[in-house]
>>> print(open('structure-v4.pdb').read())   # PDB, C-alpha atoms, pLDDT in the B column
ATOM      1  CA  ILE A   1     -47.841  25.430  14.051  1.00 93.00           C
ATOM      2  CA  ARG A   2     -47.557  27.179  17.408  1.00 94.00           C
ATOM      3  CA  ALA A   3     -44.105  25.989  18.519  1.00 95.00           C
ATOM      4  CA  VAL A   4     -41.135  23.786  17.732  1.00 96.00           C
ATOM      5  CA  ILE A   5     -39.228  22.751  20.844  1.00 96.00           C
ATOM      6  CA  ILE A   6     -36.213  20.606  21.694  1.00 95.00           C
ATOM      7  CA  LEU A   7     -35.797  19.686  25.365  1.00 95.00           C
ATOM      8  CA  ASP A   8     -33.027  17.679  26.985  1.00 92.00           C
ATOM      9  CA  ASN A   9     -33.702  14.552  29.054  1.00 91.00           C
ATOM     10  CA  ALA A  10     -34.080  16.674  32.211  1.00 92.00           C
ATOM     11  CA  GLY A  11     -36.776  18.870  30.675  1.00 92.00           C
ATOM     12  CA  ASN A  12     -34.541  21.892  30.132  1.00 93.00           C
ATOM     13  CA  ARG A  13     -34.914  23.986  27.004  1.00 94.00           C
ATOM     14  CA  PHE A  14     -32.350  23.354  24.313  1.00 93.00           C
ATOM     15  CA  VAL A  15     -34.060  25.149  21.425  1.00 94.00           C
ATOM     16  CA  ALA A  16     -37.548  26.623  21.289  1.00 95.00           C
ATOM     17  CA  LYS A  17     -39.269  28.767  18.729  1.00 95.00           C
ATOM     18  CA  TYR A  18     -42.817  29.958  19.355  1.00 95.00           C
ATOM     19  CA  PHE A  19     -45.359  31.332  16.910  1.00 93.00           C
ATOM     20  CA  PRO A  20     -48.138  32.820  19.075  1.00 89.00           C
ATOM     21  CA  GLN A  21     -51.401  33.737  17.377  1.00 88.00           C
ATOM     22  CA  SER A  22     -52.515  36.167  20.107  1.00 86.00           C
ATOM     23  CA  LYS A  23     -50.913  38.405  22.723  1.00 85.00           C
ATOM     24  CA  ASP A  24     -51.907  36.050  25.542  1.00 85.00           C
ATOM     25  CA  GLU A  25     -50.438  32.914  23.986  1.00 89.00           C
ATOM     26  CA  PHE A  26     -46.900  32.204  25.246  1.00 89.00           C
ATOM     27  CA  GLU A  27     -46.611  35.895  26.120  1.00 86.00           C
ATOM     28  CA  ASN A  28     -43.217  35.733  27.841  1.00 91.00           C
ATOM     29  CA  ARG A  29     -40.310  33.422  28.544  1.00 92.00           C
ATOM     30  CA  LYS A  30     -41.690  32.409  31.946  1.00 93.00           C
ATOM     31  CA  ALA A  31     -44.972  31.244  30.393  1.00 93.00           C
ATOM     32  CA  GLN A  32     -43.035  29.353  27.731  1.00 93.00           C
ATOM     33  CA  GLU A  33     -40.806  27.622  30.282  1.00 94.00           C
ATOM     34  CA  THR A  34     -43.826  26.697  32.416  1.00 94.00           C
ATOM     35  CA  PHE A  35     -45.496  25.190  29.343  1.00 94.00           C
ATOM     36  CA  GLU A  36     -42.298  23.277  28.481  1.00 95.00           C
ATOM     37  CA  LYS A  37     -41.918  21.921  32.018  1.00 95.00           C
ATOM     38  CA  LYS A  38     -45.528  20.690  32.149  1.00 94.00           C
ATOM     39  CA  LEU A  39     -45.204  19.221  28.655  1.00 94.00           C
ATOM     40  CA  PHE A  40     -42.028  17.372  29.592  1.00 95.00           C
ATOM     41  CA  ASP A  41     -43.622  16.029  32.795  1.00 93.00           C
ATOM     42  CA  LYS A  42     -46.546  14.706  30.754  1.00 92.00           C
ATOM     43  CA  THR A  43     -44.533  13.146  27.917  1.00 91.00           C
ATOM     44  CA  HIS A  44     -41.102  12.022  29.091  1.00 86.00           C
ATOM     45  CA  LYS A  45     -42.257   8.613  30.385  1.00 84.00           C
ATOM     46  CA  GLN A  46     -44.764   7.897  27.616  1.00 83.00           C
ATOM     47  CA  THR A  47     -44.108   5.990  24.426  1.00 78.00           C
ATOM     48  CA  ALA A  48     -46.882   7.628  22.393  1.00 81.00           C
ATOM     49  CA  GLU A  49     -46.024  10.076  19.612  1.00 90.00           C
ATOM     50  CA  ILE A  50     -49.026  12.349  20.061  1.00 93.00           C
ATOM     51  CA  VAL A  51     -50.801  13.952  23.010  1.00 93.00           C
ATOM     52  CA  MET A  52     -53.504  16.535  23.647  1.00 93.00           C
ATOM     53  CA  PHE A  53     -52.048  18.938  26.171  1.00 91.00           C
ATOM     54  CA  ASP A  54     -53.287  22.230  27.601  1.00 90.00           C
ATOM     55  CA  GLY A  55     -55.515  22.916  24.592  1.00 91.00           C
ATOM     56  CA  TYR A  56     -52.803  22.006  22.073  1.00 94.00           C
ATOM     57  CA  LEU A  57     -52.047  18.996  19.919  1.00 95.00           C
ATOM     58  CA  VAL A  58     -48.437  17.923  20.419  1.00 95.00           C
ATOM     59  CA  VAL A  59     -46.436  15.393  18.425  1.00 96.00           C
ATOM     60  CA  TYR A  60     -43.026  14.369  19.699  1.00 95.00           C
ATOM     61  CA  THR A  61     -40.191  11.923  19.375  1.00 93.00           C
ATOM     62  CA  SER A  62     -37.175  11.251  21.538  1.00 90.00           C
ATOM     63  CA  CYS A  63     -33.672  10.616  20.371  1.00 87.00           C
ATOM     64  CA  ALA A  64     -30.813   9.727  22.728  1.00 84.00           C
ATOM     65  CA  ASP A  65     -30.947  12.491  25.358  1.00 89.00           C
ATOM     66  CA  VAL A  66     -33.214  15.025  23.593  1.00 93.00           C
ATOM     67  CA  ILE A  67     -36.920  15.210  22.765  1.00 94.00           C
ATOM     68  CA  PHE A  68     -38.261  16.968  19.654  1.00 95.00           C
ATOM     69  CA  TYR A  69     -41.753  18.530  19.924  1.00 96.00           C
ATOM     70  CA  VAL A  70     -44.050  20.194  17.396  1.00 96.00           C
ATOM     71  CA  VAL A  71     -47.027  21.985  18.957  1.00 96.00           C
ATOM     72  CA  GLY A  72     -50.177  22.967  17.071  1.00 95.00           C
ATOM     73  CA  PRO A  73     -53.727  24.048  17.852  1.00 94.00           C
ATOM     74  CA  GLN A  74     -56.018  21.220  18.957  1.00 92.00           C
ATOM     75  CA  ASN A  75     -57.981  21.347  15.690  1.00 93.00           C
ATOM     76  CA  GLU A  76     -54.831  20.999  13.537  1.00 91.00           C
ATOM     77  CA  ASN A  77     -54.323  17.977  11.312  1.00 92.00           C
ATOM     78  CA  GLU A  78     -52.136  15.469  13.191  1.00 93.00           C
ATOM     79  CA  LEU A  79     -50.523  14.291   9.971  1.00 94.00           C
ATOM     80  CA  LEU A  80     -49.382  17.822   9.153  1.00 94.00           C
ATOM     81  CA  LEU A  81     -47.742  18.189  12.568  1.00 95.00           C
ATOM     82  CA  LEU A  82     -46.178  14.732  12.282  1.00 95.00           C
ATOM     83  CA  SER A  83     -44.869  15.608   8.821  1.00 95.00           C
ATOM     84  CA  ALA A  84     -43.242  18.759  10.239  1.00 96.00           C
ATOM     85  CA  LEU A  85     -41.691  16.751  13.079  1.00 96.00           C
ATOM     86  CA  ASN A  86     -40.369  14.027  10.780  1.00 95.00           C
ATOM     87  CA  THR A  87     -38.980  16.577   8.324  1.00 95.00           C
ATOM     88  CA  PHE A  88     -37.202  18.444  11.128  1.00 95.00           C
ATOM     89  CA  ARG A  89     -35.758  15.253  12.595  1.00 94.00           C
ATOM     90  CA  ASP A  90     -34.759  13.734   9.220  1.00 93.00           C
ATOM     91  CA  THR A  91     -33.046  16.957   8.144  1.00 94.00           C
ATOM     92  CA  ILE A  92     -31.070  17.114  11.390  1.00 93.00           C
ATOM     93  CA  ASP A  93     -30.105  13.425  10.992  1.00 92.00           C
ATOM     94  CA  THR A  94     -28.894  14.051   7.442  1.00 91.00           C
ATOM     95  CA  LEU A  95     -26.963  17.213   8.275  1.00 91.00           C
ATOM     96  CA  LEU A  96     -25.201  15.832  11.334  1.00 88.00           C
ATOM     97  CA  LYS A  97     -24.421  12.377   9.891  1.00 85.00           C
ATOM     98  CA  THR A  98     -23.847  11.074  13.424  1.00 79.00           C
ATOM     99  CA  GLN A  99     -25.868  10.126  16.479  1.00 83.00           C
ATOM    100  CA  VAL A 100     -28.241  12.979  17.324  1.00 88.00           C
ATOM    101  CA  ASP A 101     -27.684  13.882  20.963  1.00 89.00           C
ATOM    102  CA  LYS A 102     -27.458  17.058  23.023  1.00 91.00           C
ATOM    103  CA  ARG A 103     -23.704  17.460  22.558  1.00 90.00           C
ATOM    104  CA  THR A 104     -23.848  17.019  18.773  1.00 90.00           C
ATOM    105  CA  LEU A 105     -26.792  19.404  18.499  1.00 91.00           C
ATOM    106  CA  LEU A 106     -24.924  21.985  20.579  1.00 91.00           C
ATOM    107  CA  GLU A 107     -21.833  21.688  18.378  1.00 90.00           C
ATOM    108  CA  ASN A 108     -24.033  22.185  15.301  1.00 90.00           C
ATOM    109  CA  LEU A 109     -26.503  24.695  16.701  1.00 91.00           C
ATOM    110  CA  ASP A 110     -26.222  26.776  13.528  1.00 90.00           C
ATOM    111  CA  TYR A 111     -27.616  23.872  11.485  1.00 91.00           C
ATOM    112  CA  VAL A 112     -30.424  23.303  13.985  1.00 93.00           C
ATOM    113  CA  LEU A 113     -31.516  26.947  13.908  1.00 93.00           C
ATOM    114  CA  LEU A 114     -31.233  27.243  10.125  1.00 92.00           C
ATOM    115  CA  THR A 115     -33.250  24.050   9.704  1.00 94.00           C
ATOM    116  CA  LEU A 116     -35.920  25.444  11.987  1.00 94.00           C
ATOM    117  CA  ASP A 117     -36.015  28.686   9.987  1.00 92.00           C
ATOM    118  CA  GLU A 118     -36.327  26.802   6.692  1.00 92.00           C
ATOM    119  CA  LEU A 119     -39.053  24.528   8.095  1.00 94.00           C
ATOM    120  CA  VAL A 120     -41.462  27.009   9.712  1.00 94.00           C
ATOM    121  CA  ASP A 121     -41.958  30.740   9.338  1.00 92.00           C
ATOM    122  CA  GLY A 122     -44.564  32.617  11.348  1.00 90.00           C
ATOM    123  CA  GLY A 123     -46.262  29.337  12.264  1.00 90.00           C
ATOM    124  CA  ILE A 124     -46.635  28.265   8.636  1.00 93.00           C
ATOM    125  CA  LEU A 125     -45.002  25.047   7.462  1.00 92.00           C
ATOM    126  CA  LEU A 126     -42.828  26.022   4.499  1.00 92.00           C
ATOM    127  CA  GLU A 127     -41.290  22.739   3.381  1.00 92.00           C
ATOM    128  CA  THR A 128     -41.780  19.029   4.058  1.00 92.00           C
ATOM    129  CA  ASP A 129     -38.945  17.596   1.972  1.00 93.00           C
ATOM    130  CA  PRO A 130     -35.852  16.979   4.132  1.00 92.00           C
ATOM    131  CA  GLU A 131     -33.572  16.911   1.070  1.00 91.00           C
ATOM    132  CA  VAL A 132     -34.618  20.405  -0.001  1.00 91.00           C
ATOM    133  CA  ILE A 133     -34.066  21.805   3.485  1.00 92.00           C
ATOM    134  CA  THR A 134     -30.739  19.967   3.780  1.00 91.00           C
ATOM    135  CA  SER A 135     -29.481  21.481   0.526  1.00 89.00           C
ATOM    136  CA  ARG A 136     -30.583  24.970   1.598  1.00 88.00           C
ATOM    137  CA  VAL A 137     -29.011  24.701   5.034  1.00 89.00           C
ATOM    138  CA  SER A 138     -25.755  23.097   3.922  1.00 83.00           C
ATOM    139  CA  LEU A 139     -25.540  25.373   0.858  1.00 75.00           C
ATOM    140  CA  LYS A 140     -24.615  22.412  -1.338  1.00 52.00           C
ATOM    141  CA  GLY A 141     -27.273  23.471  -3.808  1.00 42.00           C
ATOM    142  CA  ALA A 142     -25.469  26.755  -4.452  1.00 45.00           C
ATOM    143  CA  ASP A 143     -23.949  27.240  -7.903  1.00 40.00           C
ATOM    144  CA  ALA A 144     -20.572  28.419  -6.676  1.00 43.00           C
ATOM    145  CA  GLU A 145     -18.298  26.976  -4.030  1.00 55.00           C
ATOM    146  CA  ILE A 146     -18.246  28.954  -0.803  1.00 55.00           C
ATOM    147  CA  PRO A 147     -14.862  30.620  -0.235  1.00 54.00           C
ATOM    148  CA  LEU A 148     -12.979  28.961   2.617  1.00 52.00           C
ATOM    149  CA  ALA A 149     -12.885  32.232   4.581  1.00 55.00           C
ATOM    150  CA  GLU A 150     -16.712  32.409   4.606  1.00 55.00           C
ATOM    151  CA  GLN A 151     -17.367  28.815   5.673  1.00 58.00           C
ATOM    152  CA  THR A 152     -18.346  27.796   9.176  1.00 71.00           C
ATOM    153  CA  LEU A 153     -15.900  25.556  10.999  1.00 74.00           C
ATOM    154  CA  THR A 154     -18.094  22.533  10.322  1.00 75.00           C
ATOM    155  CA  GLN A 155     -18.279  23.326   6.602  1.00 74.00           C
ATOM    156  CA  ALA A 156     -14.519  23.920   6.426  1.00 73.00           C
ATOM    157  CA  LEU A 157     -13.800  20.562   8.069  1.00 79.00           C
ATOM    158  CA  GLN A 158     -16.217  18.820   5.720  1.00 80.00           C
ATOM    159  CA  THR A 159     -14.591  20.490   2.698  1.00 78.00           C
ATOM    160  CA  ALA A 160     -11.128  19.466   3.888  1.00 80.00           C
ATOM    161  CA  LYS A 161     -12.321  15.912   4.456  1.00 82.00           C
ATOM    162  CA  GLU A 162     -13.809  15.727   0.944  1.00 81.00           C
ATOM    163  CA  GLN A 163     -10.658  17.149  -0.683  1.00 79.00           C
ATOM    164  CA  PHE A 164      -8.450  14.707   1.241  1.00 78.00           C
ATOM    165  CA  ALA A 165     -10.631  11.798   0.152  1.00 80.00           C
ATOM    166  CA  LYS A 166     -10.497  12.942  -3.500  1.00 77.00           C
ATOM    167  CA  SER A 167      -6.712  13.324  -3.465  1.00 78.00           C
ATOM    168  CA  PHE A 168      -6.281   9.983  -1.727  1.00 74.00           C
ATOM    169  CA  LEU A 169      -8.496   8.186  -4.246  1.00 76.00           C
ATOM    170  CA  ASN A 170      -6.808   9.929  -7.207  1.00 73.00           C
ATOM    171  CA  ALA A 171      -3.394   8.828  -5.972  1.00 64.00           C
ATOM    172  CA  TYR A 172      -4.356   5.170  -6.387  1.00 61.00           C
TER     173      TYR A 172
END
>>> encode(input="structure-v4.pdb", output="structure tokens")
Amino acid sequence: IRAVIILDNAGNRFVAKYFPQSKDEFENRKAQETFEKKLFDKTHKQTAEIVMFDGYLVVYTSCADVIFYVVGPQNENELLLLSALNTFRDTIDTLLKTQVDKRTLLENLDYVLLTLDELVDGGILLETDPEVITSRVSLKGADAEIPLAEQTLTQALQTAKEQFAKSFLNAY
């Protein structure tokens, strides 16, 4: 995998992580943004899920006002790239539990970046099971409860919501 990118509906970068295999490939931010702009221009009006672009194989899907891309070399297996894309998207859907849009992704940027780190490292696909990544990112698979002082705001709100629901159900 050469890159995982999320662009908004205007073609602006929301999140992008590149895994260049040579010094010339995506050498600086300007080259990356140029690639993203051309990619958006080519794909934003199409309904296909896969495209050959600029010597790369790109799979993508749109959701509300964002587009998820996974970029690989042109000789890469399309099913592998699609699996990475679906795993990334399904994990984000599970973690956010709401409509996936730019605002929600921005509010939960920590989950997006952690999911990306758990999915791909150095261009190598690490995991294709969304449940495994979800448990790693949300830390629900941990043996001990996370102390309230060490939780993110999102985790603290979720914990409070769960405790309120338990106490409400136990009262009746």
>>> closest_residue(input="structure-v4.pdb", among="A:Phe88, A:Gln99, A:Val112, A:Leu79", to="Val132 (chain A)", atoms="all atoms listed in the file")
A:Phe88
>>> closest_residue(input="structure-v4.pdb", among="A:Val71, A:Ala84, A:Leu39, A:Leu157", to="Gly11 (chain A)", atoms="only C-alpha atoms")
A:Leu39
>>> resolve_selection(input="structure-v4.pdb", expression="the PyMOL selection byres ((chain A and resi 2-6) around 9)", output="count of residues only")
29
>>> residues_around(input="structure-v4.pdb", residues="Gly55 (chain A)", least_positions_apart="2", cutoff="10 Å", atoms="all atoms listed in the file", output="VMD selection string")
chain A and resid 52 to 53 57 to 58 72 to 75
>>> axis_aligned_box(input="structure-v4.pdb", around="region 122-128 of chain A", padding_each_side="8 Å", output="JSON")
{"center_x": -44.0, "center_y": 25.8, "center_z": 7.8, "size_x": 21.3, "size_y": 29.6, "size_z": 24.9}
>>> residues_near_point(input="structure-v4.pdb", point="(-30.5, 15.6, 6.7)", cutoff="7 Å", atoms="only C-alpha atoms", output="NGL selection string")
:A and (90-95 or 130-131 or 134)
>>> atom_distance(input="structure-v4.pdb", atom1="CA of Asp101 (chain A)", atom2="CA of Gln46 (chain A)")
19.3 Å
>>> atom_distance(input="structure-v4.pdb", atom1="CA of Arg103 (chain A)", atom2="CA of Thr154 (chain A)")
14.4 Å
>>> decode(input="structure-v4.pdb", residues="region 81-94 of chain A", atoms="all heavy atoms", output="PDB file, in the first residue's frame")
ATOM      1  N   LEU A  81      -6.340  -4.386  -1.802  1.00  0.00           N
ATOM      2  CA  LEU A  81      -6.586  -2.956  -1.588  1.00  0.00           C
ATOM      3  C   LEU A  81      -8.026  -2.717  -1.148  1.00  0.00           C
ATOM      4  O   LEU A  81      -8.284  -1.909  -0.245  1.00  0.00           O
ATOM      5  CB  LEU A  81      -6.272  -2.165  -2.854  1.00  0.00           C
ATOM      6  CG  LEU A  81      -4.818  -2.158  -3.309  1.00  0.00           C
ATOM      7  CD1 LEU A  81      -4.673  -1.421  -4.627  1.00  0.00           C
ATOM      8  CD2 LEU A  81      -3.918  -1.558  -2.252  1.00  0.00           C
ATOM      9  N   LEU A  82      -8.964  -3.422  -1.776  1.00  0.00           N
ATOM     10  CA  LEU A  82     -10.373  -3.279  -1.409  1.00  0.00           C
ATOM     11  C   LEU A  82     -10.611  -3.763   0.017  1.00  0.00           C
ATOM     12  O   LEU A  82     -11.379  -3.161   0.769  1.00  0.00           O
ATOM     13  CB  LEU A  82     -11.265  -4.033  -2.397  1.00  0.00           C
ATOM     14  CG  LEU A  82     -12.759  -3.808  -2.258  1.00  0.00           C
ATOM     15  CD1 LEU A  82     -13.107  -2.340  -2.431  1.00  0.00           C
ATOM     16  CD2 LEU A  82     -13.515  -4.655  -3.262  1.00  0.00           C
ATOM     17  N   SER A  83      -9.938  -4.834   0.405  1.00  0.00           N
ATOM     18  CA  SER A  83     -10.051  -5.339   1.770  1.00  0.00           C
ATOM     19  C   SER A  83      -9.547  -4.300   2.768  1.00  0.00           C
ATOM     20  O   SER A  83     -10.166  -4.079   3.815  1.00  0.00           O
ATOM     21  CB  SER A  83      -9.258  -6.638   1.910  1.00  0.00           C
ATOM     22  OG  SER A  83      -9.293  -7.093   3.227  1.00  0.00           O
ATOM     23  N   ALA A  84      -8.431  -3.648   2.453  1.00  0.00           N
ATOM     24  CA  ALA A  84      -7.899  -2.593   3.326  1.00  0.00           C
ATOM     25  C   ALA A  84      -8.892  -1.435   3.432  1.00  0.00           C
ATOM     26  O   ALA A  84      -9.153  -0.930   4.526  1.00  0.00           O
ATOM     27  CB  ALA A  84      -6.563  -2.095   2.798  1.00  0.00           C
ATOM     28  N   LEU A  85      -9.465  -1.040   2.306  1.00  0.00           N
ATOM     29  CA  LEU A  85     -10.432   0.057   2.294  1.00  0.00           C
ATOM     30  C   LEU A  85     -11.666  -0.293   3.122  1.00  0.00           C
ATOM     31  O   LEU A  85     -12.118   0.500   3.952  1.00  0.00           O
ATOM     32  CB  LEU A  85     -10.838   0.389   0.855  1.00  0.00           C
ATOM     33  CG  LEU A  85     -11.886   1.476   0.679  1.00  0.00           C
ATOM     34  CD1 LEU A  85     -11.354   2.821   1.128  1.00  0.00           C
ATOM     35  CD2 LEU A  85     -12.334   1.547  -0.769  1.00  0.00           C
ATOM     36  N   ASN A  86     -12.208  -1.480   2.899  1.00  0.00           N
ATOM     37  CA  ASN A  86     -13.409  -1.895   3.628  1.00  0.00           C
ATOM     38  C   ASN A  86     -13.143  -2.031   5.123  1.00  0.00           C
ATOM     39  O   ASN A  86     -13.985  -1.661   5.945  1.00  0.00           O
ATOM     40  CB  ASN A  86     -13.958  -3.196   3.056  1.00  0.00           C
ATOM     41  CG  ASN A  86     -14.575  -3.005   1.694  1.00  0.00           C
ATOM     42  OD1 ASN A  86     -14.997  -1.913   1.333  1.00  0.00           O
ATOM     43  ND2 ASN A  86     -14.611  -4.065   0.908  1.00  0.00           N
ATOM     44  N   THR A  87     -11.975  -2.544   5.476  1.00  0.00           N
ATOM     45  CA  THR A  87     -11.621  -2.666   6.895  1.00  0.00           C
ATOM     46  C   THR A  87     -11.520  -1.295   7.538  1.00  0.00           C
ATOM     47  O   THR A  87     -12.052  -1.075   8.639  1.00  0.00           O
ATOM     48  CB  THR A  87     -10.284  -3.420   7.054  1.00  0.00           C
ATOM     49  OG1 THR A  87     -10.416  -4.709   6.468  1.00  0.00           O
ATOM     50  CG2 THR A  87      -9.892  -3.543   8.504  1.00  0.00           C
ATOM     51  N   PHE A  88     -10.866  -0.363   6.859  1.00  0.00           N
ATOM     52  CA  PHE A  88     -10.729   1.006   7.377  1.00  0.00           C
ATOM     53  C   PHE A  88     -12.109   1.633   7.573  1.00  0.00           C
ATOM     54  O   PHE A  88     -12.430   2.147   8.648  1.00  0.00           O
ATOM     55  CB  PHE A  88      -9.872   1.831   6.411  1.00  0.00           C
ATOM     56  CG  PHE A  88      -9.524   3.215   6.888  1.00  0.00           C
ATOM     57  CD1 PHE A  88      -9.054   3.438   8.161  1.00  0.00           C
ATOM     58  CD2 PHE A  88      -9.641   4.299   6.041  1.00  0.00           C
ATOM     59  CE1 PHE A  88      -8.713   4.709   8.598  1.00  0.00           C
ATOM     60  CE2 PHE A  88      -9.299   5.572   6.458  1.00  0.00           C
ATOM     61  CZ  PHE A  88      -8.841   5.780   7.740  1.00  0.00           C
ATOM     62  N   ARG A  89     -12.924   1.561   6.559  1.00  0.00           N
ATOM     63  CA  ARG A  89     -14.262   2.163   6.604  1.00  0.00           C
ATOM     64  C   ARG A  89     -15.149   1.488   7.654  1.00  0.00           C
ATOM     65  O   ARG A  89     -15.825   2.157   8.432  1.00  0.00           O
ATOM     66  CB  ARG A  89     -14.868   2.054   5.207  1.00  0.00           C
ATOM     67  CG  ARG A  89     -16.287   2.443   5.083  1.00  0.00           C
ATOM     68  CD  ARG A  89     -16.461   3.969   5.132  1.00  0.00           C
ATOM     69  NE  ARG A  89     -17.843   4.269   5.362  1.00  0.00           N
ATOM     70  CZ  ARG A  89     -18.781   4.275   4.430  1.00  0.00           C
ATOM     71  NH1 ARG A  89     -18.471   4.027   3.185  1.00  0.00           N
ATOM     72  NH2 ARG A  89     -20.025   4.545   4.730  1.00  0.00           N
ATOM     73  N   ASP A  90     -15.149   0.162   7.711  1.00  0.00           N
ATOM     74  CA  ASP A  90     -15.987  -0.556   8.683  1.00  0.00           C
ATOM     75  C   ASP A  90     -15.551  -0.266  10.118  1.00  0.00           C
ATOM     76  O   ASP A  90     -16.391  -0.131  11.009  1.00  0.00           O
ATOM     77  CB  ASP A  90     -15.937  -2.065   8.428  1.00  0.00           C
ATOM     78  CG  ASP A  90     -16.621  -2.468   7.132  1.00  0.00           C
ATOM     79  OD1 ASP A  90     -17.352  -1.633   6.548  1.00  0.00           O
ATOM     80  OD2 ASP A  90     -16.419  -3.619   6.686  1.00  0.00           O
ATOM     81  N   THR A  91     -14.253  -0.165  10.341  1.00  0.00           N
ATOM     82  CA  THR A  91     -13.752   0.153  11.680  1.00  0.00           C
ATOM     83  C   THR A  91     -14.192   1.548  12.101  1.00  0.00           C
ATOM     84  O   THR A  91     -14.655   1.748  13.226  1.00  0.00           O
ATOM     85  CB  THR A  91     -12.213   0.039  11.728  1.00  0.00           C
ATOM     86  OG1 THR A  91     -11.834  -1.274  11.324  1.00  0.00           O
ATOM     87  CG2 THR A  91     -11.684   0.322  13.121  1.00  0.00           C
ATOM     88  N   ILE A  92     -14.075   2.501  11.199  1.00  0.00           N
ATOM     89  CA  ILE A  92     -14.505   3.876  11.493  1.00  0.00           C
ATOM     90  C   ILE A  92     -16.013   3.892  11.779  1.00  0.00           C
ATOM     91  O   ILE A  92     -16.460   4.525  12.738  1.00  0.00           O
ATOM     92  CB  ILE A  92     -14.156   4.832  10.324  1.00  0.00           C
ATOM     93  CG1 ILE A  92     -12.639   4.941  10.148  1.00  0.00           C
ATOM     94  CG2 ILE A  92     -14.785   6.203  10.514  1.00  0.00           C
ATOM     95  CD1 ILE A  92     -11.897   5.534  11.320  1.00  0.00           C
ATOM     96  N   ASP A  93     -16.799   3.191  10.962  1.00  0.00           N
ATOM     97  CA  ASP A  93     -18.250   3.114  11.192  1.00  0.00           C
ATOM     98  C   ASP A  93     -18.559   2.567  12.580  1.00  0.00           C
ATOM     99  O   ASP A  93     -19.413   3.095  13.295  1.00  0.00           O
ATOM    100  CB  ASP A  93     -18.921   2.217  10.149  1.00  0.00           C
ATOM    101  CG  ASP A  93     -19.070   2.888   8.797  1.00  0.00           C
ATOM    102  OD1 ASP A  93     -18.947   4.118   8.718  1.00  0.00           O
ATOM    103  OD2 ASP A  93     -19.312   2.159   7.814  1.00  0.00           O
ATOM    104  N   THR A  94     -17.870   1.502  12.969  1.00  0.00           N
ATOM    105  CA  THR A  94     -18.112   0.870  14.261  1.00  0.00           C
ATOM    106  C   THR A  94     -17.702   1.781  15.414  1.00  0.00           C
ATOM    107  O   THR A  94     -18.428   1.905  16.399  1.00  0.00           O
ATOM    108  CB  THR A  94     -17.340  -0.460  14.363  1.00  0.00           C
ATOM    109  OG1 THR A  94     -17.714  -1.304  13.280  1.00  0.00           O
ATOM    110  CG2 THR A  94     -17.618  -1.162  15.672  1.00  0.00           C
TER     111      THR A  94
END
